[in-house]
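Undergrad: Coordinates in structure21.txt, compact mmCIF, C-alpha atoms, are listed below.
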# COMPACT_ATOMS: atom_id res chain seq x y z
CA MET A 1229 -15.71 -15.57 18.43
CA ALA A 1230 -15.28 -12.38 16.41
CA ARG A 1231 -17.69 -9.57 15.57
CA ILE A 1232 -17.90 -9.52 11.77
CA VAL A 1233 -19.82 -7.07 9.59
CA ILE A 1234 -20.70 -8.20 6.06
CA VAL A 1235 -21.54 -5.38 3.63
CA GLU A 1236 -22.89 -7.07 0.51
CA ASP A 1237 -25.95 -6.27 -1.62
CA ASP A 1238 -26.07 -9.66 -3.36
CA GLU A 1239 -28.48 -11.71 -1.25
CA ALA A 1240 -27.03 -15.06 -2.31
CA ILE A 1241 -23.45 -14.06 -1.45
CA GLY A 1242 -24.34 -12.17 1.72
CA GLY A 1243 -26.57 -14.92 3.05
CA ARG A 1244 -24.01 -17.62 2.34
CA LEU A 1245 -21.20 -15.67 4.00
CA ALA A 1246 -23.29 -14.93 7.08
CA ALA A 1247 -24.39 -18.55 7.43
CA THR A 1248 -20.84 -19.86 7.02
CA LEU A 1249 -19.31 -17.47 9.55
CA ARG A 1250 -22.10 -17.98 12.08
CA ALA A 1251 -21.49 -21.72 11.80
CA GLU A 1252 -17.93 -20.95 12.91
CA SER A 1253 -19.39 -19.23 16.01
CA HIS A 1254 -18.76 -15.68 14.83
CA ASP A 1255 -21.22 -12.89 15.59
CA CYS A 1256 -22.24 -11.64 12.12
CA ASP A 1257 -24.24 -8.63 10.98
CA TRP A 1258 -25.18 -8.66 7.30
CA CYS A 1259 -25.77 -5.19 5.84
CA PRO A 1260 -27.26 -5.09 2.30
CA ASP A 1261 -26.25 -1.48 1.57
CA GLY A 1262 -24.11 1.43 2.69
CA ALA A 1263 -26.74 3.02 4.90
CA ALA A 1264 -27.17 -0.17 6.90
CA ALA A 1265 -23.39 -0.52 7.22
CA LEU A 1266 -23.02 2.99 8.64
CA ALA A 1267 -25.91 2.38 11.02
CA ARG A 1268 -24.22 -0.83 12.22
CA ALA A 1269 -20.92 0.99 12.69
CA GLY A 1270 -22.70 3.45 14.95
CA ARG A 1271 -23.93 0.70 17.26
CA GLY A 1272 -20.52 -0.48 18.44
CA PRO A 1273 -17.13 -1.88 17.50
CA ALA A 1274 -16.35 -4.74 15.14
CA ASP A 1275 -13.34 -6.97 14.66
CA LEU A 1276 -13.56 -7.40 10.91
CA VAL A 1277 -15.54 -5.94 8.00
CA LEU A 1278 -16.11 -7.66 4.64
CA LEU A 1279 -16.92 -4.80 2.26
CA ASP A 1280 -18.28 -5.13 -1.27
CA LEU A 1281 -17.35 -2.02 -3.27
CA GLY A 1282 -20.25 -2.28 -5.72
CA LEU A 1283 -23.16 -1.13 -3.56
CA PRO A 1284 -26.37 0.46 -4.93
CA ASP A 1285 -26.46 3.45 -2.57
CA ALA A 1286 -22.84 4.34 -1.85
CA ASP A 1287 -19.44 4.80 -3.41
CA GLY A 1288 -17.42 1.88 -2.11
CA PHE A 1289 -14.23 3.86 -1.54
CA GLU A 1290 -16.02 6.63 0.35
CA LEU A 1291 -17.86 4.07 2.45
CA CYS A 1292 -14.55 2.38 3.24
CA ARG A 1293 -13.16 5.69 4.53
CA SER A 1294 -16.26 6.26 6.65
CA LEU A 1295 -16.10 2.76 8.14
CA ARG A 1296 -12.39 3.19 8.87
CA ASP A 1297 -13.16 6.39 10.79
CA ARG A 1298 -16.03 4.81 12.73
CA LEU A 1299 -14.43 1.40 13.30
CA PRO A 1300 -10.73 2.23 13.76
CA GLY A 1301 -9.89 -1.10 15.38
CA ALA A 1302 -11.49 -3.28 12.71
CA VAL A 1303 -9.73 -5.11 9.91
CA ILE A 1304 -11.40 -4.18 6.60
CA VAL A 1305 -11.28 -6.68 3.75
CA VAL A 1306 -12.59 -5.38 0.42
CA LEU A 1307 -14.46 -7.81 -1.82
CA THR A 1308 -14.46 -6.52 -5.37
CA ALA A 1309 -14.89 -7.49 -9.01
CA ARG A 1310 -12.49 -4.65 -9.91
CA THR A 1311 -9.12 -6.11 -10.74
CA THR A 1312 -7.03 -3.20 -12.06
CA GLU A 1313 -4.02 -2.18 -9.99
CA MET A 1314 -5.32 1.36 -9.53
CA ASP A 1315 -8.62 0.09 -8.10
CA VAL A 1316 -6.72 -2.14 -5.68
CA ILE A 1317 -4.46 0.71 -4.59
CA GLN A 1318 -7.41 3.08 -4.19
CA GLY A 1319 -9.19 0.54 -2.01
CA LEU A 1320 -6.18 0.08 0.24
CA GLU A 1321 -5.57 3.82 0.47
CA SER A 1322 -9.23 4.29 1.41
CA GLY A 1323 -8.58 2.36 4.61
CA ALA A 1324 -8.80 -1.31 3.68
CA ASP A 1325 -6.28 -3.77 5.10
CA ASP A 1326 -6.73 -6.41 2.41
CA TYR A 1327 -8.71 -7.18 -0.73
CA LEU A 1328 -10.06 -10.25 -2.47
CA THR A 1329 -11.28 -10.23 -6.06
CA LYS A 1330 -14.54 -11.82 -7.13
CA PRO A 1331 -15.24 -14.56 -7.86
CA PHE A 1332 -13.42 -16.00 -4.88
CA ARG A 1333 -13.37 -19.42 -3.28
CA LEU A 1334 -15.08 -19.54 0.10
CA ALA A 1335 -12.17 -21.53 1.53
CA GLU A 1336 -9.75 -18.78 0.53
CA LEU A 1337 -11.88 -16.12 2.18
CA GLN A 1338 -12.16 -18.21 5.36
CA ALA A 1339 -8.38 -18.59 5.43
CA ARG A 1340 -7.89 -14.83 5.00
CA ILE A 1341 -10.39 -14.07 7.77
CA ALA A 1342 -8.72 -16.54 10.14
CA ALA A 1343 -5.31 -15.03 9.38
CA HIS A 1344 -6.48 -11.48 10.01
CA LEU A 1345 -8.20 -12.40 13.25
CA ARG A 1346 -5.06 -14.15 14.50
CA ARG A 1347 -2.98 -11.10 13.70
CA ALA A 1348 -5.50 -8.82 15.40
CA GLU A 1349 -4.92 -10.57 18.73
CA PRO A 1350 -2.54 -8.83 21.19
CA ALA A 1351 0.41 -11.07 20.39
CA GLN A 1352 2.93 -8.26 20.35
CA GLU A 1353 3.24 -8.01 24.12
CA GLY A 1354 5.69 -10.86 24.46
CA GLY A 1355 8.68 -8.70 23.47
CA PRO A 1356 10.03 -5.41 24.80
CA GLY A 1357 7.19 -3.04 25.52
CA ARG A 1358 8.72 0.03 23.87
CA ILE A 1359 10.93 0.78 20.89
CA ARG A 1360 12.71 4.13 20.61
CA HIS A 1361 13.47 5.22 17.03
CA GLY A 1362 14.81 8.76 16.85
CA THR A 1363 12.02 11.05 17.99
CA LEU A 1364 9.47 8.21 17.81
CA LEU A 1365 8.42 6.19 20.85
CA ILE A 1366 6.60 3.04 19.76
CA ASP A 1367 4.63 1.63 22.68
CA ARG A 1368 3.79 -1.95 21.75
CA THR A 1369 1.66 -2.67 24.81
CA ALA A 1370 -0.56 0.39 24.38
CA ARG A 1371 -0.23 0.22 20.56
CA ARG A 1372 0.64 3.91 20.31
CA CYS A 1373 3.17 5.81 18.21
CA LEU A 1374 4.26 8.92 20.09
CA THR A 1375 6.31 11.97 19.05
CA PRO A 1376 7.37 15.08 20.99
CA THR A 1377 4.47 16.94 19.36
CA GLY A 1378 1.78 14.30 19.89
CA GLU A 1379 0.54 10.91 18.83
CA VAL A 1380 0.56 9.64 15.24
CA GLU A 1381 -2.66 7.77 14.54
CA LEU A 1382 -1.88 4.45 12.87
CA ARG A 1383 -4.24 1.73 11.69
CA PRO A 1384 -3.62 -1.79 13.09
CA LYS A 1385 -1.56 -3.09 10.16
CA GLU A 1386 0.34 0.17 9.84
CA PHE A 1387 1.35 -0.09 13.49
CA ASP A 1388 2.36 -3.75 13.19
CA LEU A 1389 4.43 -3.00 10.08
CA LEU A 1390 6.21 -0.12 11.82
CA VAL A 1391 7.00 -2.35 14.82
CA ARG A 1392 8.40 -5.06 12.54
CA LEU A 1393 10.61 -2.63 10.62
CA ALA A 1394 11.73 -0.78 13.75
CA ALA A 1395 12.71 -4.06 15.42
CA SER A 1396 15.11 -4.62 12.49
CA ALA A 1397 16.23 -1.01 11.96
CA GLY A 1398 19.30 -0.87 9.74
CA ARG A 1399 18.74 -4.38 8.38
CA ALA A 1400 17.10 -5.41 5.12
CA VAL A 1401 13.82 -7.29 5.54
CA ARG A 1402 12.43 -9.46 2.77
CA ARG A 1403 8.93 -8.84 1.43
CA GLU A 1404 8.05 -12.45 2.26
CA ASP A 1405 9.13 -12.00 5.88
CA LEU A 1406 7.12 -8.80 6.26
CA MET A 1407 4.01 -10.46 4.85
CA SER A 1408 4.54 -13.48 7.10
CA ASP A 1409 5.16 -11.50 10.27
CA VAL A 1410 2.62 -8.70 9.79
CA TRP A 1411 -0.12 -10.46 7.85
CA ASP A 1412 0.22 -14.24 8.12
CA GLU A 1413 2.76 -17.01 7.65
CA ASN A 1414 0.41 -18.78 5.24
CA TRP A 1415 -0.29 -15.65 3.17
CA PHE A 1416 -0.78 -16.17 -0.53
CA GLY A 1417 -1.64 -13.79 -3.33
CA SER A 1418 -0.50 -10.25 -4.19
CA THR A 1419 1.75 -8.29 -1.83
CA LYS A 1420 0.63 -4.93 -3.21
CA THR A 1421 -0.98 -4.27 0.17
CA LEU A 1422 2.53 -4.16 1.67
CA ASP A 1423 3.65 -1.42 -0.72
CA VAL A 1424 0.57 0.68 0.01
CA HIS A 1425 1.06 0.35 3.78
CA VAL A 1426 4.70 1.42 3.45
CA ALA A 1427 3.59 4.44 1.42
CA VAL A 1428 1.07 5.38 4.12
CA LEU A 1429 3.72 5.08 6.86
CA ARG A 1430 6.01 7.36 4.90
CA ARG A 1431 3.25 9.92 4.51
CA LYS A 1432 2.11 9.83 8.14
CA LEU A 1433 5.55 9.79 9.73
CA GLY A 1434 7.22 12.19 7.31
CA ASP A 1435 10.91 12.89 7.98
CA ARG A 1436 10.77 11.07 11.32
CA VAL A 1437 11.58 7.82 9.50
CA ARG A 1438 13.26 6.79 6.27
CA ILE A 1439 12.13 3.53 4.73
CA THR A 1440 14.31 2.46 1.82
CA THR A 1441 12.85 0.31 -0.95
CA LEU A 1442 15.14 -2.56 -1.90
CA ARG A 1443 14.09 -3.51 -5.40
CA HIS A 1444 13.19 -7.18 -5.87
CA PHE A 1445 13.92 -7.80 -2.17
CA GLY A 1446 12.01 -5.77 0.41
CA TYR A 1447 12.50 -2.75 2.69
CA ARG A 1448 14.92 -1.34 5.24
CA LEU A 1449 14.12 1.15 8.00
CA GLU A 1450 17.22 3.32 8.24
CA PRO A 1451 18.70 3.94 11.71
CA PRO A 1452 17.87 7.38 13.17
CA GLY A 1453 20.16 10.18 12.07
CA GLU A 1454 21.60 8.40 9.03
CA ASP A 1455 21.30 10.07 5.61
Would you write out, as C-alpha cells, the structure that this file holds?
TA:
Amino acid sequence: MARIVIVEDDEAIGGRLAATLRAESHDCDWCPDGAAALARAGRGPADLVLLDLGLPDADGFELCRSLRDRLPGAVIVVLTARTTEMDVIQGLESGADDYLTKPFRLAELQARIAAHLRRAEPAQEGGPGRIRHGTLLIDRTARRCLTPTGEVELRPKEFDLLVRLAASAGRAVRREDLMSDVWDENWFGSTKTLDVHVAVLRRKLGDRVRITTLRHFGYRLEPPGED
C-alpha cells in the first residue's frame, strides 16, 4: 500500500483516479486545488504525487517546486494537456520525475504508478554499499551523495541514475538500459526525462563528474581524473 496524493481540479478525473487507486489498496488523498495540495503536504510524507498542471489557483510549475521541497521522498508524476517539448522539460526541471499527457489511458497510468512504486523500494542494498568516484562517496544504503565539503542533495531518480552510471564508470550505457534500470524494464514512451535528469546531475555535481553524451546511443560517466 502506497500513500498517493492526487492533485486534480476536474472532479470526474480526480474521483475516478481516487476510486481506482483505493481499489488497489492505496491510501489516496484527492486535492482539488493547489492550496489543498500544500496543506496535505504539510500533514506528512507521501510516496507518489499525481499533479495536474492546469489548476485554478496555482501555477503548476511553481506548485511542483513547492511539493518537491515539502515531499522530497515522493515520486511526482505530472499530468498535463501541454505537449510541447519546452513544457515537458520545464515540468521535469520543476521537480517532476515523470509526465503523462492528457488524455491518457487509465491502464497506462496504473502501469506507470506501479513501475515508480517498485523503483522507490529499497532494492539498491543488494550490491556494494558504497561507490567511490573521485571526490564523491555514494552511499547506496543511506542514499546519500557525499563530498569533502558536504552532502549533495539529490532527488530519488537523480540518485538512482548516478548510482547506475557510477557502477559502469568508463563504459558506455545505452539509453534503453538506463531507462530499464532506473525507471522500469517495461518503460514505454519518451525518454526525455532521462536527458533532463542527466542535465540536473551535471548542474548539481559540477566538475566532480563528467557525463559524456553519446549521440544516438546513451551516456558514459568518465572515470575520475580523465580529461
Undergrad: May I ask for the distance between atom CA of Leu1328 of chain A and atom CA of Leu1382 of chain A, given in Å to one decimal place?
TA: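 A separation of 22.8 Å between them.
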Undergrad: Taking all atoms of segment 1390-1401 of chain A that the file lists and extending 3 Å past them on each side, where is the centre of the axis-aligned box and how long are its edges? Answer in Å to one decimal, as AutoDock Vina command-line options.
TA:
--center_x 12.8 --center_y -3.7 --center_z 10.3 --size_x 19.1 --size_y 13.2 --size_z 16.3
Undergrad: For segment 1304-1310 of chain A, list every protein, DNA or RNA residue within 9 Å, evaluated using only C-alpha atoms, and leave out those in the same chain fewer than 3 positions away; present the list as a list in words.
TA: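 Here the qualifying residues turn out to be Glu1236, Asp1275, Leu1276, Val1277, Leu1278, Leu1279, Asp1280, Leu1281, Gly1282, Cys1292, Leu1295, Arg1296, Glu1313, Asp1315, Val1316, Gly1319, Leu1320, Gly1323, Ala1324, Asp1325, Asp1326, Tyr1327, Leu1328, Thr1329, Lys1330, Pro1331, Phe1332, Arg1340 and Ile1341 of chain A.
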Undergrad: Can you pull out the residues contacting Ile1234 of chain A? Cut-off 8 Å, using only C-alpha atoms, and skip same-chain residues under 3 positions away; I want them as a list in words.
TA: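 Near neighbours after the sequence-gap exclusion: Gly1242, Leu1245, Ala1246, Cys1256, Asp1257, Trp1258, Cys1259, Val1277, Leu1278 and Leu1279 of chain A.
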Undergrad: Using all atoms listed in the file, pick whichever of A:Gly1243, A:Gly1288, A:Gly1398, A:Gly1362 has the shortest atom-to-atom distance to Ala1263 of chain A.
TA: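 Closest to Ala1263 of chain A, using all atoms listed in the file: A:Gly1288.
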Undergrad: Which residue, A:Leu1422, A:Leu1249, A:Ala1274, A:Ala1286, has the smallest gap to Ala1339 of chain A when you use all atoms listed in the file?
TA: A:Leu1249
Undergrad: Which distance in Å separates atom CA of Thr1363 of chain A and atom CA of Val1424 of chain A, to one decimal?
TA: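 Here the two named atoms are 23.7 Å from each other.
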Undergrad: Could you tell me how far atom CA of Leu1364 of chain A sits from atom CA of Arg1430 of chain A, in Å to one decimal place?
TA: 13.4 Å
Undergrad: Counting only C-alpha atoms, what is within 8 Å of Phe1445 of chain A, bar same-chain residues fewer than 4 positions away, as JSON, numbers by chain?
TA: {"A": [1401, 1402, 1403]}
Undergrad: Which residues, written as a PyMOL selection string, have at least one atom at most 12 Å from Arg1436 of chain A, with all atoms listed in the file counted and residues fewer than 3 positions away on the same chain left out?
TA: chain A and resi 1360-1365+1373-1377+1380+1429-1433+1439+1449-1454
Undergrad: Rank A:Arg1399, A:Lys1420, A:Lys1385, A:His1425 by their smallest atom-to-atom distance to Leu1345 of chain A, using only C-alpha atoms, and report the top residue only.
TA: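 Closest candidate: A:Lys1385.
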Undergrad: Just checking: using only C-alpha atoms, which residue out of A:Arg1448, A:Arg1372, A:Arg1383, A:Arg1358 ends up closest to Ala1400 of chain A?
TA: A:Arg1448
Undergrad: I'd like to know which of A:Ala1394, A:Thr1421, A:Leu1299, A:Glu1404 is closest to Ile1359 of chain A, using all atoms listed in the file.
TA: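 The answer is A:Ala1394, which sits nearest to Ile1359 of chain A.
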